[in-house]
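A short worksheet on the structure shown next.
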Amino acid sequence: MPVLDDLERGVFVLGEAHTPSQHRSDARCNPSACDDLSVTRHPRRLIVAVNPLASFGRNRAVGPAVVARLVDEGHRVQMLREANFELLRREAESAFAQGADGVIVVGGDGMVSLGANLVAGTGVPLGVVAAGTGNDLARGLGLPHDDPGAATEALVAALGREPRSVDAARVEHGGTTTWFACILSAGFDAIVNERANRMTRPRGPSRYTLALLRELATFRPRRYAITIDGERREQRAMLVSVANNVSLGGGMRVVPHADLSDGLLDVFIVHPLSRLRLLRVFPKVFAGTHVDHPAVEFRTATRVRLESDDAIAYADGERIGSLPVDIEVVPGALRVFV
């Protein structure tokens, strides 16, 4: 087994480390090694993108462990592990352009965003080893979300099965296209997300709760124009989210009835509330018991346009930018190893 801690990236084949330039010349595994029962009968060429800062660095060893486990199974693995997210994204795009049978992301929903934006609509499957603070796509897919070891073993098993097709959403904003797998937020929750991303403490999901309480002190309802499948409405709202998945923020079940495979988006709107009433509603959101609250509205859609003069959008925890945004569901756009 290769020693991976000192390697920033490389291709690993059956326990031997290779540089990327050797990748094409070693296209097949050693026949005698392939006969070993510990090696998969169907090795794949896998890109493993690792966020070394996932969960504030507490899971730094997970990425190399995932790579070592996949190599043990006979897969050809190229690990990408960079100092910052933007550099990692560029390296992942370059590696993906050279071809792969799957992309594996190790980290939280920010890494899911990176992976989804590589593979959505291409047919190349995405694998997730949840090692971040939110891990909401892993939750929605029924994958282990609080045990990286279990998540690694679940991935190994899934690589032997046919990938599952789920929906993804495509966002058009300022001439750019971004994909998301979970939820786009464009209200109070987006502002909370922005504050939480600037915070370094506390670590874990409680950081989101603290950011929520800090923003609550000054937040006011925003005015929106919301167009749902061609029907335009103008209104004030505390929160507007467009969901493909159930939860955000590490298990906040904002749309508990969302279905990753129904070909629909769920628009979640919280109408104007006093700060005290909003504070009372939010604990219910964690449990998904807010659905009958009179200030809460849900609508299904295939296309949504959100407009506002003073709101921003986040998708899967990553900043999209100021509204307007146009969102469209693409059924089956994402294949996932589950």
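Just remember, in the structure tokens the first chain shown is A, the second B, etc., residues are 1-based per chain, and ligands are 1-based in the order shown.
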Practice item. Check region 247-284 of chain A with DSSP on the backbone and list each residue it calls strand (DSSP E or B), as an NGL selection string. Key: :A and (248 or 252 or 265-270)
Suppose we keep all heavy atoms; can you now write the selection as a PDB file, in the first residue's frame?
ATOM      1  N   LEU A 248     -30.490  21.309   4.560  1.00  0.00           N
ATOM      2  CA  LEU A 248     -29.291  22.131   4.420  1.00  0.00           C
ATOM      3  C   LEU A 248     -28.744  22.404   5.812  1.00  0.00           C
ATOM      4  O   LEU A 248     -29.368  22.074   6.821  1.00  0.00           O
ATOM      5  CB  LEU A 248     -29.585  23.432   3.676  1.00  0.00           C
ATOM      6  CG  LEU A 248     -30.670  24.400   4.159  1.00  0.00           C
ATOM      7  CD1 LEU A 248     -30.340  25.099   5.458  1.00  0.00           C
ATOM      8  CD2 LEU A 248     -30.944  25.455   3.096  1.00  0.00           C
ATOM      9  N   MET A 252     -30.874  20.540   8.681  1.00  0.00           N
ATOM     10  CA  MET A 252     -32.094  21.335   8.805  1.00  0.00           C
ATOM     11  C   MET A 252     -33.056  20.897   7.705  1.00  0.00           C
ATOM     12  O   MET A 252     -32.843  21.165   6.529  1.00  0.00           O
ATOM     13  CB  MET A 252     -31.793  22.828   8.679  1.00  0.00           C
ATOM     14  CG  MET A 252     -31.036  23.403   9.835  1.00  0.00           C
ATOM     15  SD  MET A 252     -30.835  25.210   9.681  1.00  0.00           S
ATOM     16  CE  MET A 252     -32.538  25.733   9.777  1.00  0.00           C
ATOM     17  N   LEU A 265     -38.618  20.555  -8.502  1.00  0.00           N
ATOM     18  CA  LEU A 265     -38.046  21.353  -7.434  1.00  0.00           C
ATOM     19  C   LEU A 265     -39.146  21.730  -6.460  1.00  0.00           C
ATOM     20  O   LEU A 265     -40.318  21.803  -6.834  1.00  0.00           O
ATOM     21  CB  LEU A 265     -37.425  22.632  -8.007  1.00  0.00           C
ATOM     22  CG  LEU A 265     -36.289  22.437  -9.016  1.00  0.00           C
ATOM     23  CD1 LEU A 265     -35.965  23.756  -9.711  1.00  0.00           C
ATOM     24  CD2 LEU A 265     -35.050  21.864  -8.339  1.00  0.00           C
ATOM     25  N   ASP A 266     -38.770  21.966  -5.210  1.00  0.00           N
ATOM     26  CA  ASP A 266     -39.716  22.414  -4.197  1.00  0.00           C
ATOM     27  C   ASP A 266     -39.318  23.818  -3.748  1.00  0.00           C
ATOM     28  O   ASP A 266     -38.216  24.018  -3.232  1.00  0.00           O
ATOM     29  CB  ASP A 266     -39.713  21.462  -3.001  1.00  0.00           C
ATOM     30  CG  ASP A 266     -40.312  20.110  -3.348  1.00  0.00           C
ATOM     31  OD1 ASP A 266     -41.548  19.986  -3.306  1.00  0.00           O
ATOM     32  OD2 ASP A 266     -39.543  19.184  -3.681  1.00  0.00           O
ATOM     33  N   VAL A 267     -40.218  24.774  -3.963  1.00  0.00           N
ATOM     34  CA  VAL A 267     -39.982  26.149  -3.547  1.00  0.00           C
ATOM     35  C   VAL A 267     -40.526  26.328  -2.138  1.00  0.00           C
ATOM     36  O   VAL A 267     -41.700  26.033  -1.872  1.00  0.00           O
ATOM     37  CB  VAL A 267     -40.652  27.148  -4.508  1.00  0.00           C
ATOM     38  CG1 VAL A 267     -40.320  28.588  -4.105  1.00  0.00           C
ATOM     39  CG2 VAL A 267     -40.220  26.880  -5.948  1.00  0.00           C
ATOM     40  N   PHE A 268     -39.668  26.779  -1.242  1.00  0.00           N
ATOM     41  CA  PHE A 268     -40.007  26.936   0.175  1.00  0.00           C
ATOM     42  C   PHE A 268     -39.980  28.424   0.498  1.00  0.00           C
ATOM     43  O   PHE A 268     -38.952  29.083   0.316  1.00  0.00           O
ATOM     44  CB  PHE A 268     -38.985  26.169   1.013  1.00  0.00           C
ATOM     45  CG  PHE A 268     -39.041  26.411   2.497  1.00  0.00           C
ATOM     46  CD1 PHE A 268     -40.237  26.381   3.192  1.00  0.00           C
ATOM     47  CD2 PHE A 268     -37.869  26.654   3.210  1.00  0.00           C
ATOM     48  CE1 PHE A 268     -40.277  26.596   4.563  1.00  0.00           C
ATOM     49  CE2 PHE A 268     -37.895  26.861   4.576  1.00  0.00           C
ATOM     50  CZ  PHE A 268     -39.103  26.840   5.255  1.00  0.00           C
ATOM     51  N   ILE A 269     -41.104  28.958   0.931  1.00  0.00           N
ATOM     52  CA  ILE A 269     -41.231  30.390   1.220  1.00  0.00           C
ATOM     53  C   ILE A 269     -41.714  30.575   2.656  1.00  0.00           C
ATOM     54  O   ILE A 269     -42.679  29.928   3.075  1.00  0.00           O
ATOM     55  CB  ILE A 269     -42.238  31.061   0.261  1.00  0.00           C
ATOM     56  CG1 ILE A 269     -41.812  30.852  -1.194  1.00  0.00           C
ATOM     57  CG2 ILE A 269     -42.377  32.550   0.573  1.00  0.00           C
ATOM     58  CD1 ILE A 269     -42.873  31.242  -2.205  1.00  0.00           C
ATOM     59  N   VAL A 270     -41.022  31.435   3.391  1.00  0.00           N
ATOM     60  CA  VAL A 270     -41.496  31.846   4.709  1.00  0.00           C
ATOM     61  C   VAL A 270     -41.950  33.295   4.598  1.00  0.00           C
ATOM     62  O   VAL A 270     -41.145  34.190   4.327  1.00  0.00           O
ATOM     63  CB  VAL A 270     -40.406  31.692   5.789  1.00  0.00           C
ATOM     64  CG1 VAL A 270     -40.927  32.205   7.136  1.00  0.00           C
ATOM     65  CG2 VAL A 270     -39.974  30.242   5.914  1.00  0.00           C
TER      66      VAL A 270
END
Practice item. Please provide as a ChimeraX atom specification all residues within 8 Å of Val67 (chain A), with the sequence filter that same-chain residues fewer than 5 positions apart are discarded (counting only C-alpha atoms). Key: /A:48,77,79
Check your understanding: How would you write, as a PyMOL selection string, the set of residues in region 69-309 of chain A that DSSP gives as alpha helix (DSSP H)?
Key -> chain A and resi 69-72+85-97+109-119+136-141+148-158+188-198+206-216+275-287
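The smallest atom-to-atom distance between Asp146 (chain A) and any of A:Ala130, A:Val246, A:Ile320, A:Ala181, using only C-alpha atoms, is found for A:Ala130.
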Check your understanding: Counting only C-alpha atoms, what is within 6 Å of Ser185 (chain A), bar same-chain residues fewer than 4 positions away, as a PyMOL selection string?
Key -> chain A and resi 190+241+313-314
May I have the residues within 12 Å of Glu194 (chain A) as a short mmCIF file (atom, residue, chain, number, x, y, z; two decimals) with C-alpha atoms, in the first residue's frame, using only C-alpha atoms and disregarding those fewer than 5 positions away in the same chain?
data_model
loop_
_atom_site.label_atom_id
_atom_site.label_comp_id
_atom_site.auth_asym_id
_atom_site.auth_seq_id
_atom_site.Cartn_x
_atom_site.Cartn_y
_atom_site.Cartn_z
CA SER A 185 -31.13 29.66 -0.63
CA ALA A 186 -31.97 33.29 -1.30
CA GLY A 187 -33.20 34.84 1.92
CA PHE A 188 -32.52 34.75 5.62
CA ASP A 189 -30.91 31.33 5.29
CA MET A 199 -16.83 32.21 11.18
CA ARG A 207 -21.81 27.34 13.93
CA TYR A 208 -24.85 27.70 11.65
CA ALA A 211 -24.81 32.65 12.86
CA LEU A 212 -28.61 32.43 12.70
CA ARG A 214 -26.60 36.86 15.21
CA GLU A 215 -28.34 37.69 11.93
CA GLY A 249 -26.98 23.41 7.15
CA ALA A 311 -30.80 39.37 -1.74
CA ILE A 312 -28.02 36.90 -2.51
CA ALA A 313 -28.13 33.25 -3.45
CA TYR A 314 -26.16 30.30 -2.11
CA ALA A 315 -26.35 26.80 -3.60
CA GLY A 317 -23.21 26.20 0.60
CA GLU A 318 -21.38 27.98 -2.24
CA ARG A 319 -22.01 31.63 -3.09
CA ILE A 320 -23.77 32.20 -6.41
CA GLY A 321 -24.19 35.98 -6.06
#
